[in-house]
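Engineer: Just one file: my_file.csv, with CSV, C-alpha atoms and all ligand atoms.
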chain,number,residue,atom,x,y,z
A,78,MET,CA,204.0,96.3,132.9
A,79,ILE,CA,202.8,94.3,130.0
A,80,GLU,CA,204.0,90.7,130.3
A,81,LEU,CA,206.0,89.4,127.3
A,82,PRO,CA,206.2,85.9,126.1
A,83,GLU,CA,209.5,84.4,127.4
A,84,ASN,CA,211.0,84.0,123.9
A,85,ILE,CA,210.4,87.7,123.1
A,86,ALA,CA,211.7,88.9,126.5
A,87,ALA,CA,214.8,86.9,126.1
A,88,LEU,CA,215.5,88.2,122.6
A,89,GLU,CA,218.7,90.0,122.0
A,90,SER,CA,217.7,92.0,119.0
A,91,TYR,CA,219.9,92.4,115.9
A,92,LYS,CA,222.1,95.4,116.5
A,93,PRO,CA,223.6,96.7,113.4
A,94,GLY,CA,225.8,99.0,115.5
A,95,LYS,CA,225.3,102.7,115.9
A,96,ALA,CA,223.0,104.4,113.4
A,97,VAL,CA,225.5,104.6,110.6
A,98,ASP,CA,224.8,108.3,110.0
A,99,ASN,CA,226.2,109.1,113.5
A,100,VAL,CA,229.2,106.8,113.7
A,101,PHE,CA,231.7,109.6,113.1
A,102,GLU,CA,229.6,112.3,114.8
A,103,GLY,CA,231.8,115.0,116.3
A,104,LYS,CA,235.0,113.7,114.6
A,105,ASP,CA,236.8,115.6,112.0
A,106,PHE,CA,238.2,113.0,109.6
A,107,LYS,CA,239.5,113.9,106.2
A,108,GLN,CA,238.2,110.7,104.8
A,109,THR,CA,235.9,108.0,106.2
A,110,ALA,CA,234.6,104.6,105.1
A,111,ILE,CA,231.5,102.7,106.1
A,112,LEU,CA,232.4,99.1,105.5
A,113,SER,CA,230.1,97.5,108.0
A,114,SER,CA,226.9,96.3,106.3
A,115,ASN,CA,227.9,94.8,102.9
A,116,GLU,CA,226.1,97.6,101.1
A,117,ASN,CA,226.9,98.7,97.6
A,118,ASN,CA,229.1,101.8,98.2
A,119,LEU,CA,228.8,102.7,94.5
A,120,GLY,CA,225.3,103.9,95.5
A,121,THR,CA,221.9,103.2,93.9
A,122,SER,CA,221.4,102.2,90.3
A,123,PRO,CA,220.4,105.4,88.3
A,124,LYS,CA,217.7,103.4,86.5
A,125,ALA,CA,216.2,102.2,89.8
A,126,ILE,CA,216.1,105.9,91.0
A,127,ALA,CA,214.4,107.0,87.8
A,128,ALA,CA,211.9,104.2,88.0
A,129,MET,CA,211.1,105.1,91.6
A,130,GLN,CA,210.7,108.7,90.7
A,131,ASN,CA,208.2,107.8,88.0
A,132,VAL,CA,205.9,106.1,90.5
A,133,LEU,CA,206.2,108.5,93.4
A,134,SER,CA,203.2,110.6,92.5
A,135,ASN,CA,201.1,107.4,92.4
A,136,SER,CA,201.8,106.6,96.0
A,137,PHE,CA,198.1,107.0,96.9
A,138,VAL,CA,197.4,103.8,95.0
A,139,TYR,CA,198.0,100.4,96.7
A,140,PRO,CA,200.7,98.3,95.2
A,141,ASP,CA,199.9,95.2,93.0
A,142,PRO,CA,199.8,92.5,95.7
A,143,SER,CA,200.9,89.8,93.3
A,144,GLY,CA,203.8,92.0,91.9
A,145,MET,CA,203.1,90.7,88.4
A,146,LYS,CA,205.3,93.1,86.5
A,147,LEU,CA,208.4,92.5,88.5
A,148,ARG,CA,207.8,88.8,88.9
A,149,THR,CA,207.4,88.5,85.1
A,150,LYS,CA,210.7,90.3,84.6
A,151,LEU,CA,212.4,88.1,87.2
A,152,ALA,CA,210.9,85.0,85.6
A,153,LYS,CA,212.4,86.0,82.3
A,154,LYS,CA,215.8,86.8,83.8
A,155,HIS,CA,215.9,83.3,85.4
A,156,ASN,CA,214.3,81.6,82.5
A,157,THR,CA,211.5,80.2,84.7
A,158,GLU,CA,207.8,80.6,85.3
A,159,ILE,CA,206.1,83.5,87.2
A,160,ASN,CA,204.4,81.1,89.6
A,161,ARG,CA,207.9,80.0,90.8
A,162,ILE,CA,208.7,83.5,92.0
A,163,ILE,CA,207.8,85.6,95.0
A,164,ILE,CA,208.9,89.1,95.8
A,165,GLY,CA,209.1,90.5,99.3
A,166,ASP,CA,210.3,93.2,101.7
A,167,GLY,CA,213.9,92.2,101.3
A,168,SER,CA,214.9,88.6,101.5
A,169,ASP,CA,214.5,89.0,105.3
A,170,GLY,CA,210.9,89.7,104.6
A,171,ILE,CA,210.5,86.4,102.8
A,172,LEU,CA,212.4,84.6,105.5
A,173,SER,CA,210.0,85.8,108.1
A,174,VAL,CA,207.0,84.6,106.0
A,175,ILE,CA,208.7,81.2,105.7
A,176,PHE,CA,208.6,80.8,109.5
A,177,LYS,CA,205.0,81.8,109.6
A,178,ALA,CA,204.0,79.6,106.7
A,179,PHE,CA,205.7,76.3,107.3
A,180,PHE,CA,206.6,75.9,111.0
A,181,LYS,CA,204.4,74.3,113.7
A,182,PRO,CA,205.4,74.2,117.4
A,183,GLY,CA,208.0,71.5,117.9
A,184,ASN,CA,209.5,71.9,114.4
A,185,GLU,CA,213.2,72.7,114.2
A,186,LEU,CA,215.5,74.5,111.8
A,187,VAL,CA,219.0,73.1,111.1
A,188,SER,CA,221.9,75.1,109.9
A,189,SER,CA,225.4,76.2,110.8
A,190,LYS,CA,227.0,78.4,113.5
A,191,GLY,CA,228.7,81.5,112.2
A,192,SER,CA,226.1,82.3,109.7
A,193,PHE,CA,223.5,85.1,109.0
A,194,VAL,CA,222.5,86.6,112.3
A,195,ALA,CA,218.9,87.4,111.3
A,196,VAL,CA,218.2,83.6,111.2
A,197,ASN,CA,219.2,83.3,114.9
A,198,VAL,CA,216.9,86.2,115.7
A,199,MET,CA,213.9,84.9,113.7
A,200,THR,CA,214.1,81.4,115.1
A,201,LYS,CA,214.0,82.8,118.7
A,202,LEU,CA,211.2,85.2,117.7
A,203,ASN,CA,209.2,82.2,116.4
A,204,ASN,CA,210.1,79.8,119.3
A,205,ILE,CA,211.9,77.5,116.9
A,206,PRO,CA,214.8,75.4,118.1
A,207,TYR,CA,217.8,76.3,116.0
A,208,ILE,CA,220.1,73.3,115.6
A,209,GLN,CA,223.5,74.5,114.4
A,210,ALA,CA,226.6,72.5,113.2
A,211,PRO,CA,230.0,74.0,113.8
A,212,LEU,CA,231.7,75.7,110.8
A,213,THR,CA,234.5,73.7,109.2
A,214,ALA,CA,238.1,74.7,109.9
A,215,GLU,CA,237.8,76.7,106.7
A,216,TYR,CA,234.8,78.7,108.0
A,217,ALA,CA,232.5,76.9,105.6
A,218,PHE,CA,229.2,75.1,106.0
A,219,ASP,CA,229.8,71.5,107.1
A,220,LEU,CA,227.1,69.8,105.0
A,221,ASP,CA,228.0,66.3,106.3
A,222,THR,CA,227.5,67.4,109.9
A,223,ILE,CA,224.4,69.4,109.0
A,224,TYR,CA,223.0,66.2,107.3
A,225,LYS,CA,223.6,64.2,110.5
A,226,LEU,CA,221.7,66.8,112.6
A,227,ILE,CA,218.6,66.3,110.5
A,228,GLY,CA,215.9,64.4,112.5
A,229,PRO,CA,212.2,63.8,112.8
A,230,LYS,CA,211.6,67.3,114.1
A,231,THR,CA,213.5,69.1,111.3
A,232,LYS,CA,211.2,71.2,109.2
A,233,ALA,CA,213.8,73.1,107.2
A,234,VAL,CA,217.5,73.5,106.5
A,235,TYR,CA,219.0,76.9,106.0
A,236,LEU,CA,222.1,77.3,103.8
A,237,CYS,CA,223.8,80.6,103.2
A,238,ASN,CA,225.8,80.6,100.0
A,239,PRO,CA,228.2,82.4,100.0
A,240,ASN,CA,228.0,82.5,103.8
A,241,ASN,CA,227.7,85.8,105.5
A,242,PRO,CA,229.9,86.6,107.4
A,243,THR,CA,232.7,84.2,106.5
A,244,GLY,CA,232.5,84.5,102.8
A,245,ALA,CA,233.0,80.8,102.2
A,246,MET,CA,231.0,79.1,99.4
A,247,ILE,CA,229.5,75.7,98.8
A,248,GLY,CA,230.4,74.5,95.3
A,249,ARG,CA,227.9,73.1,92.7
A,250,GLU,CA,228.6,69.4,93.2
A,251,GLU,CA,228.7,69.5,97.0
A,252,LEU,CA,225.4,71.4,97.1
A,253,MET,CA,223.6,69.2,94.6
A,254,ASN,CA,224.7,66.0,96.4
A,255,PHE,CA,223.3,67.5,99.6
A,256,VAL,CA,220.1,68.8,98.1
A,257,ASN,CA,219.4,65.5,96.4
A,258,LYS,CA,219.7,63.4,99.6
A,259,ILE,CA,217.4,65.6,101.8
A,260,PRO,CA,213.9,64.1,102.2
A,261,ALA,CA,211.2,65.9,100.2
A,262,ASN,CA,209.3,66.8,103.4
A,263,ILE,CA,212.1,69.1,104.6
A,264,LEU,CA,212.3,72.6,103.2
A,265,ILE,CA,215.8,73.6,101.9
A,266,ILE,CA,216.3,77.4,102.1
A,267,ILE,CA,219.3,78.6,100.1
A,268,ASP,CA,220.1,82.2,100.9
A,269,GLU,CA,222.0,83.7,98.0
A,270,ALA,CA,222.1,87.4,99.0
A,271,TYR,CA,225.6,87.7,97.4
A,272,ALA,CA,225.0,85.5,94.3
A,273,GLU,CA,225.8,88.3,91.8
A,274,PHE,CA,229.3,88.6,93.3
A,275,ALA,CA,229.9,84.8,93.7
A,276,THR,CA,229.0,84.2,90.1
A,277,GLU,CA,231.9,86.5,89.1
A,278,LEU,CA,234.3,85.2,91.7
A,279,ALA,CA,233.8,81.4,91.4
A,280,ASP,CA,233.7,78.9,88.6
A,281,ASP,CA,231.5,76.5,90.3
A,282,TYR,CA,228.9,78.7,92.0
A,283,PRO,CA,225.7,76.6,91.8
A,284,ASP,CA,222.7,78.0,89.8
A,285,THR,CA,220.1,76.9,92.3
A,286,THR,CA,217.4,78.9,90.5
A,287,GLU,CA,217.4,76.1,88.0
A,288,ILE,CA,216.6,73.5,90.7
A,289,ASN,CA,212.9,72.6,90.5
A,290,LEU,CA,212.4,70.3,93.4
A,291,PRO,CA,209.3,70.6,95.5
A,292,ASN,CA,211.2,71.4,98.7
A,293,VAL,CA,213.9,74.0,97.5
A,294,LEU,CA,213.6,77.7,97.9
A,295,THR,CA,216.4,80.1,96.8
A,296,LEU,CA,216.4,83.6,98.2
A,297,ARG,CA,217.9,86.6,96.4
A,298,THR,CA,218.1,90.3,97.3
A,299,PHE,CA,218.2,93.7,95.6
A,300,SER,CA,220.0,95.0,98.7
A,301,LYS,CA,223.6,94.1,97.8
A,302,ALA,CA,224.7,94.1,94.2
A,303,PHE,CA,221.7,96.2,93.1
A,304,GLY,CA,222.3,98.9,95.7
A,305,LEU,CA,218.7,99.0,97.1
A,306,ALA,CA,219.2,98.0,100.7
A,307,GLY,CA,217.1,101.0,101.9
A,308,VAL,CA,214.2,100.2,99.6
A,309,ARG,CA,213.6,96.7,100.9
A,310,LEU,CA,213.2,94.3,98.0
A,311,GLY,CA,214.1,90.7,97.7
A,312,TYR,CA,212.8,87.6,95.9
A,313,GLY,CA,212.5,83.9,96.2
A,314,ILE,CA,212.5,81.2,93.5
A,315,GLY,CA,211.1,77.8,94.4
A,316,SER,CA,208.5,75.2,93.6
A,317,THR,CA,205.0,76.4,92.8
A,318,PHE,CA,203.9,74.7,96.0
A,319,ILE,CA,206.3,76.7,98.1
A,320,ILE,CA,205.6,80.0,96.3
A,321,GLU,CA,201.8,79.6,96.5
A,322,THR,CA,202.1,78.9,100.2
A,323,LEU,CA,204.2,81.9,100.8
A,324,MET,CA,201.9,84.1,98.7
A,325,LYS,CA,199.0,83.1,100.9
A,326,VAL,CA,200.8,84.1,104.1
A,327,LYS,CA,202.7,87.3,103.1
A,328,LEU,CA,201.3,90.7,104.0
A,329,THR,CA,199.0,91.5,101.1
A,330,PHE,CA,200.5,94.8,99.9
A,331,THR,CA,204.2,94.0,100.1
A,332,PRO,CA,206.5,95.0,98.7
A,333,SER,CA,205.6,98.7,98.2
A,334,SER,CA,205.0,100.0,94.7
A,335,ILE,CA,208.2,102.1,95.0
A,336,ALA,CA,210.2,99.0,95.8
A,337,GLN,CA,208.6,97.1,92.9
A,338,ALA,CA,209.4,99.9,90.5
A,339,ALA,CA,213.0,100.1,91.8
A,340,GLY,CA,213.4,96.4,91.0
A,341,MET,CA,212.1,96.9,87.5
A,342,GLY,CA,214.6,99.8,86.9
A,343,ALA,CA,217.5,97.9,88.6
A,344,LEU,CA,217.1,94.8,86.4
A,345,GLU,CA,217.6,97.0,83.3
A,346,ASP,CA,220.8,98.6,84.6
A,347,THR,CA,223.5,96.3,83.3
A,348,GLU,CA,226.0,99.1,83.4
A,349,PHE,CA,225.5,99.6,87.1
A,350,MET,CA,225.7,95.8,87.7
A,351,ASN,CA,228.9,95.5,85.7
A,352,LYS,CA,230.5,98.3,87.5
A,353,THR,CA,229.4,96.9,90.8
A,354,VAL,CA,230.9,93.5,90.2
A,355,SER,CA,234.2,94.8,88.7
A,356,THR,CA,234.6,97.2,91.6
A,357,ASN,CA,234.1,94.3,94.0
A,358,ASN,CA,236.6,92.0,92.1
A,359,GLU,CA,239.2,94.7,92.3
A,360,GLY,CA,238.5,95.6,95.9
A,361,ILE,CA,238.8,92.0,97.0
A,362,GLU,CA,242.1,91.5,95.2
A,363,HIS,CA,243.3,94.7,96.9
A,364,TYR,CA,242.3,93.4,100.3
A,365,TYR,CA,243.9,90.0,99.7
A,366,LYS,CA,247.2,91.5,98.7
A,367,ALA,CA,247.2,93.8,101.7
A,368,PHE,CA,246.1,91.1,104.2
A,369,ASP,CA,248.8,88.8,102.9
A,370,ARG,CA,251.4,91.5,103.4
A,371,LEU,CA,250.0,92.1,106.9
A,372,GLN,CA,250.1,88.4,107.6
A,373,LEU,CA,246.4,88.3,108.6
A,374,LYS,CA,244.3,85.2,108.7
A,375,TYR,CA,241.5,85.9,106.3
A,376,VAL,CA,238.9,83.7,104.5
A,377,LYS,CA,238.7,83.7,100.7
A,378,SER,CA,235.4,85.4,100.0
A,379,TYR,CA,232.7,85.0,97.3
A,380,GLY,CA,230.7,88.0,98.5
A,381,ASN,CA,231.4,91.7,98.8
A,382,PHE,CA,233.2,91.4,102.1
A,383,VAL,CA,236.1,89.6,103.7
A,384,MET,CA,236.4,88.2,107.2
A,385,ILE,CA,239.6,88.3,109.2
A,386,ASP,CA,240.2,86.0,112.2
A,387,PHE,CA,242.2,87.9,114.8
A,388,GLY,CA,242.4,84.9,117.2
A,389,THR,CA,240.8,86.5,120.2
A,390,GLU,CA,237.8,88.7,120.9
A,391,GLU,CA,240.1,91.2,122.7
A,392,LYS,CA,242.3,91.7,119.6
A,393,ALA,CA,239.2,91.9,117.3
A,394,LEU,CA,237.8,94.6,119.6
A,395,LYS,CA,241.0,96.6,119.6
A,396,VAL,CA,241.2,96.5,115.8
A,397,PHE,CA,237.6,97.5,115.5
A,398,GLN,CA,238.0,100.4,117.8
A,399,GLY,CA,241.3,101.4,116.3
A,400,LEU,CA,239.7,101.6,112.9
A,401,LEU,CA,236.7,103.5,114.2
A,402,ASP,CA,239.0,106.0,115.8
A,403,ARG,CA,240.6,106.5,112.4
A,404,GLY,CA,237.4,106.9,110.4
A,405,VAL,CA,236.7,103.4,109.2
A,406,PHE,CA,233.7,101.5,110.4
A,407,VAL,CA,233.7,97.7,110.1
A,408,ARG,CA,231.6,94.9,111.6
A,409,LEU,CA,232.4,93.0,114.8
A,410,LEU,CA,230.9,89.5,114.7
A,411,ARG,CA,229.9,88.7,118.3
A,412,PHE,CA,226.3,88.4,117.2
A,413,PHE,CA,227.4,86.0,114.4
A,414,GLN,CA,229.0,83.8,117.0
A,415,LEU,CA,232.5,84.7,115.8
A,416,PRO,CA,233.6,87.3,118.4
A,417,HIS,CA,237.3,86.9,117.4
A,418,CYS,CA,236.6,87.9,113.8
A,419,ILE,CA,235.9,91.1,111.9
A,420,ARG,CA,234.0,91.4,108.6
A,421,ILE,CA,235.0,94.2,106.2
A,422,THR,CA,232.9,95.2,103.3
A,423,VAL,CA,234.5,95.9,100.0
A,424,GLY,CA,234.1,99.6,99.3
A,425,LEU,CA,235.1,101.9,96.6
A,426,PRO,CA,238.8,101.9,95.6
A,427,ASP,CA,239.6,104.9,97.9
A,428,GLU,CA,237.7,103.3,100.8
A,429,CYS,CA,239.6,100.0,100.3
A,430,LYS,CA,242.9,102.0,100.3
A,431,LEU,CA,241.9,103.8,103.5
A,432,LEU,CA,241.0,100.6,105.2
A,433,VAL,CA,244.3,99.0,104.3
A,434,GLU,CA,246.3,102.1,105.4
A,435,LYS,CA,244.4,102.4,108.7
A,436,LEU,CA,244.5,98.7,109.4
A,437,ALA,CA,248.3,98.6,109.0
A,438,GLU,CA,248.5,101.6,111.4
A,439,VAL,CA,246.2,99.9,114.0
A,440,LEU,CA,248.1,96.6,113.9
A,441,LYS,CA,251.3,98.5,114.7
A,442,THR,CA,249.7,99.7,117.9
A,443,LEU,CA,248.8,96.2,119.2
B,501,LIG,C1,223.0,86.2,103.9
B,501,LIG,C2,222.0,87.4,103.9
B,501,LIG,N1,220.8,87.2,103.6
B,501,LIG,C3,219.9,88.2,103.6
B,501,LIG,C4,220.3,89.5,103.9
B,501,LIG,C5,219.3,90.5,104.0
B,501,LIG,O1,218.9,90.9,102.7
B,501,LIG,P1,217.7,91.9,102.6
B,501,LIG,O2,218.2,93.2,102.7
B,501,LIG,O3,217.1,91.6,101.2
B,501,LIG,O4,216.7,91.6,103.7
B,501,LIG,C6,221.6,89.7,104.1
B,501,LIG,C7,222.0,91.1,104.5
B,501,LIG,O5,223.0,91.4,105.1
B,501,LIG,C8,222.5,88.7,104.1
B,501,LIG,O6,223.8,88.9,104.4
In structure tokens, what does this structure look like?
Structural biologist:
Amino acid sequence: MIELPENIAALESYKPGKAVDNVFEGKDFKQTAILSSNENNLGTSPKAIAAMQNVLSNSFVYPDPSGMKLRTKLAKKHNTEINRIIIGDGSDGILSVIFKAFFKPGNELVSSKGSFVAVNVMTKLNNIPYIQAPLTAEYAFDLDTIYKLIGPKTKAVYLCNPNNPTGAMIGREELMNFVNKIPANILIIIDEAYAEFATELADDYPDTTEINLPNVLTLRTFSKAFGLAGVRLGYGIGSTFIIETLMKVKLTFTPSSIAQAAGMGALEDTEFMNKTVSTNNEGIEHYYKAFDRLQLKYVKSYGNFVMIDFGTEEKALKVFQGLLDRGVFVRLLRFFQLPHCIRITVGLPDECKLLVEKLAEVLKTL
């Protein structure tokens, strides 16, 4: 037997549930809905598909390691300089480079409980103590407590805005007050995987891509609003110092040329983006009305998902299973440290309807 380092052996890996293709295997449902991974159920941007098809026959050539074309386009979109942008294999890919690039043994990461599960996994993987404040009573990041947890060993702070899985958001003023009081030797990672939805749903969603402080890095992804989760493409915007450091450490030929092309196409596809956000806005409203009617305790969300608190893990499990038995797959949140809650992605109108109908049915059985 090959001996593993203790931190790797102890790792409980990120389990996104059953392979989604097989969840309903052997069942004969008239209609089903996969609402478990905050994907874009509208599909993939047609312009991204066309752009990928255009480069497929060039797959024998290595990708541009500096990703100049896509970074140039992103710089234009965000009205900033190319050397403030990095692209990676999803925002997860960039997160993993951050740990390699900035952390030394003994350094700690500070954040919140009830946030993005990949950060728990990556800190364990990298042997980094993960110091977590509790969520507020509203399931939001508690920035005051997070600030108090910062100490001499803190290397970075991770903020997820809006937060997956709770959906809560940190507003502009609160975020800026926080960012401005963090010492410059501490990296502030602001994960904005759902920014395109939040911008539509909130008046005071902060535009952190405009912050140009030496210690701030914003992460964005093409996986959600752009519908490219399977392609693996994300980007970061930060100071030139942070970006240069990450560029030194990242695997040379990432992301793939297919992913880079997809990003180019997706950024052109305003029609797809508009449809995505309007479908989400309508779906969220549909959920809120239904959840109010069903007297459920849910959190107002600024992403493409809504979290419901069922009070106990037992009840959450029953609801999850009841929905699964009726053709609807949602996400249990034990790995997110919220075992009494369920997260439901906003799907297409018919999928939202199905969820509501089946949820009402399941609740009657409890
Ligand atoms: C908050 C947050 N960050 C990052 C990601 C991962 O994004 P990517 O697919 O770009 O790695 C997700 C996906 O669920 C997420 O919810």
Engineer: At a cut-off of 6 Å, can you tabulate as JSON lines every residue of chain A near ligand LIG 501 (chain B) together with its closest atom pair and the distance in Å to one decimal, using only C-alpha atoms and all ligand atoms and ordering rows by chain then number?
Structural biologist:
{"residue": "A:Gly167", "atom": "CA", "partner": "B:LIG501", "partner_atom": "O3", "distance": 3.3}
{"residue": "A:Ser168", "atom": "CA", "partner": "B:LIG501", "partner_atom": "O3", "distance": 3.7}
{"residue": "A:Asp169", "atom": "CA", "partner": "B:LIG501", "partner_atom": "O4", "distance": 3.8}
{"residue": "A:Phe193", "atom": "CA", "partner": "B:LIG501", "partner_atom": "C1", "distance": 5.2}
{"residue": "A:Cys237", "atom": "CA", "partner": "B:LIG501", "partner_atom": "C1", "distance": 5.7}
{"residue": "A:Asn241", "atom": "CA", "partner": "B:LIG501", "partner_atom": "C1", "distance": 5.0}
{"residue": "A:Asp268", "atom": "CA", "partner": "B:LIG501", "partner_atom": "N1", "distance": 5.7}
{"residue": "A:Ala270", "atom": "CA", "partner": "B:LIG501", "partner_atom": "N1", "distance": 4.8}
{"residue": "A:Thr298", "atom": "CA", "partner": "B:LIG501", "partner_atom": "O3", "distance": 4.2}
{"residue": "A:Ser300", "atom": "CA", "partner": "B:LIG501", "partner_atom": "O2", "distance": 4.7}
{"residue": "A:Ala306", "atom": "CA", "partner": "B:LIG501", "partner_atom": "O2", "distance": 5.3}
{"residue": "A:Leu310", "atom": "CA", "partner": "B:LIG501", "partner_atom": "O3", "distance": 5.7}
{"residue": "A:Gly311", "atom": "CA", "partner": "B:LIG501", "partner_atom": "O3", "distance": 4.7}
Engineer: One decimal, Å: what's the distance from atom CA of Ile208 of chain A over to atom CA of Tyr224 of chain A, could you say?
Structural biologist: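 One can read the atom CA of Ile208 of chain A to atom CA of Tyr224 of chain A distance as 11.3 Å.
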Engineer: Go through A:Asn357, A:Asn289, A:Asn135, A:Thr121 one by one, measure the shortest atom-to-atom distance of each to Gly315 of chain A using only C-alpha atoms, and give the residue with the smallest value.
Structural biologist: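 Closest to Gly315 of chain A of all the choices is A:Asn289.
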Engineer: Quote the spacing between atom CA of Glu185 of chain A and atom CA of Ile259 of chain A in Å to one decimal place.
Structural biologist: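 Interatomic distance, atom CA of Glu185 of chain A to atom CA of Ile259 of chain A: 14.9 Å.
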Engineer: So which one's closest to Lys441 of chain A, A:Gln108, A:Thr213, A:Phe397, A:Leu371? Using all atoms listed in the file, please.
Structural biologist: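 Among the listed residues, A:Leu371 lies closest to Lys441 of chain A.
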Engineer: Could you work out how far atom CA of Phe413 of chain A lies from atom CA of Ser173 of chain A, giving the answer in Å with one decimal?
Structural biologist: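 Between atom CA of Ser173 of chain A and atom CA of Phe413 of chain A the gap is 18.5 Å.
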Engineer: Pick out the residues sitting within 6 Å of segment 144-154 of chain A, and hand them over as a PyMOL selection string; count only C-alpha atoms, and ignore anything fewer than 4 positions along from it in its own chain.
Structural biologist: chain A and resi 158-159+341
Engineer: Can you pull out the residues contacting Tyr365 of chain A? Cut-off 12 Å, using all atoms listed in the file, and skip same-chain residues under 2 positions away; I want them as a short mmCIF file (atom, residue, chain, number, x, y, z; two decimals) with C-alpha atoms, in the frame of the given file.
Structural biologist:
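New file part-v4.cif:
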data_model
loop_
_atom_site.label_atom_id
_atom_site.label_comp_id
_atom_site.auth_asym_id
_atom_site.auth_seq_id
_atom_site.Cartn_x
_atom_site.Cartn_y
_atom_site.Cartn_z
CA ASN A 358 236.60 92.00 92.10
CA GLU A 359 239.20 94.70 92.30
CA GLY A 360 238.50 95.60 95.90
CA ILE A 361 238.80 92.00 97.00
CA GLU A 362 242.10 91.50 95.20
CA HIS A 363 243.30 94.70 96.90
CA ALA A 367 247.20 93.80 101.70
CA PHE A 368 246.10 91.10 104.20
CA ASP A 369 248.80 88.80 102.90
CA ARG A 370 251.40 91.50 103.40
CA LEU A 371 250.00 92.10 106.90
CA GLN A 372 250.10 88.40 107.60
CA LEU A 373 246.40 88.30 108.60
CA LYS A 374 244.30 85.20 108.70
CA TYR A 375 241.50 85.90 106.30
CA VAL A 376 238.90 83.70 104.50
CA LYS A 377 238.70 83.70 100.70
CA SER A 378 235.40 85.40 100.00
CA PHE A 382 233.20 91.40 102.10
CA VAL A 383 236.10 89.60 103.70
CA MET A 384 236.40 88.20 107.20
CA ILE A 385 239.60 88.30 109.20
CA ILE A 421 235.00 94.20 106.20
CA VAL A 423 234.50 95.90 100.00
CA CYS A 429 239.60 100.00 100.30
CA VAL A 433 244.30 99.00 104.30
#
Engineer: Considering all atoms listed in the file, can you say which of A:Leu236, A:Leu212, A:Leu81, A:Met246 comes closest to Gly380 of chain A?
Structural biologist: A:Met246
Engineer: Do a neighbour search on Ala336 of chain A at 12 Å with all atoms listed in the file, toss out local chain neighbours closer than 6 positions, and write the hits as a VMD selection string.
Structural biologist: chain A and resid 125 to 126 128 to 133 136 140 to 141 144 147 164 to 167 298 to 300 305 to 312 330 342 to 343
Engineer: Taking 3 positions as the minimum chain separation for residues in the same chain, which residues sit within 9 Å of Glu116 of chain A when counting all atoms listed in the file? Answer as a PyMOL selection string.
Structural biologist: chain A and resi 111-113+119-120+300-302+304-306+381+422-424
Engineer: Between A:Lys352, A:Lys258, A:His155, A:Lys190, which residue has the minimum interatomic distance to Asn117 of chain A, considering only C-alpha atoms?
Structural biologist: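 Of A:Lys352, A:Lys258, A:His155, A:Lys190, the one nearest Asn117 of chain A, counting only C-alpha atoms, is A:Lys352.
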Engineer: Which residue gives the smallest distance to Tyr207 of chain A among A:Leu401, A:Leu290, A:Leu186, A:Ile227, with only C-alpha atoms counted?
Structural biologist: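 Looking at the shortest contact to Tyr207 of chain A, the residue is A:Leu186.
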Engineer: When you count all atoms listed in the file, which of these residues is closest to Leu202 of chain A: A:Ala275, A:Ala393, A:Leu88, A:Leu425?
Structural biologist: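 Ranking A:Ala275, A:Ala393, A:Leu88, A:Leu425 by distance to Leu202 of chain A, first place goes to A:Leu88.
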Engineer: Residues within 9 Å of segment 435-440 of chain A, please, as a list in words. Count all atoms listed in the file; anything in the same chain fewer than 4 positions from it doesn't count.
Structural biologist: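 Near neighbours after the sequence-gap exclusion: Ala367, Leu371, Lys395, Val396, Gly399, Leu400, Arg403, Gly404, Val405, Lys430 and Leu431 of chain A.
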Engineer: How would the residues just chosen look if you wrote them out with C-alpha atoms as a PDB file, in the frame of the given file?
Structural biologist:
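Here's the written file out_15.pdb:
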ATOM      1  CA  ALA A 367     247.200  93.800 101.700  1.00  0.00           C
ATOM      2  CA  LEU A 371     250.000  92.100 106.900  1.00  0.00           C
ATOM      3  CA  LYS A 395     241.000  96.600 119.600  1.00  0.00           C
ATOM      4  CA  VAL A 396     241.200  96.500 115.800  1.00  0.00           C
ATOM      5  CA  GLY A 399     241.300 101.400 116.300  1.00  0.00           C
ATOM      6  CA  LEU A 400     239.700 101.600 112.900  1.00  0.00           C
ATOM      7  CA  ARG A 403     240.600 106.500 112.400  1.00  0.00           C
ATOM      8  CA  GLY A 404     237.400 106.900 110.400  1.00  0.00           C
ATOM      9  CA  VAL A 405     236.700 103.400 109.200  1.00  0.00           C
ATOM     10  CA  LYS A 430     242.900 102.000 100.300  1.00  0.00           C
ATOM     11  CA  LEU A 431     241.900 103.800 103.500  1.00  0.00           C
TER      12      LEU A 431
END
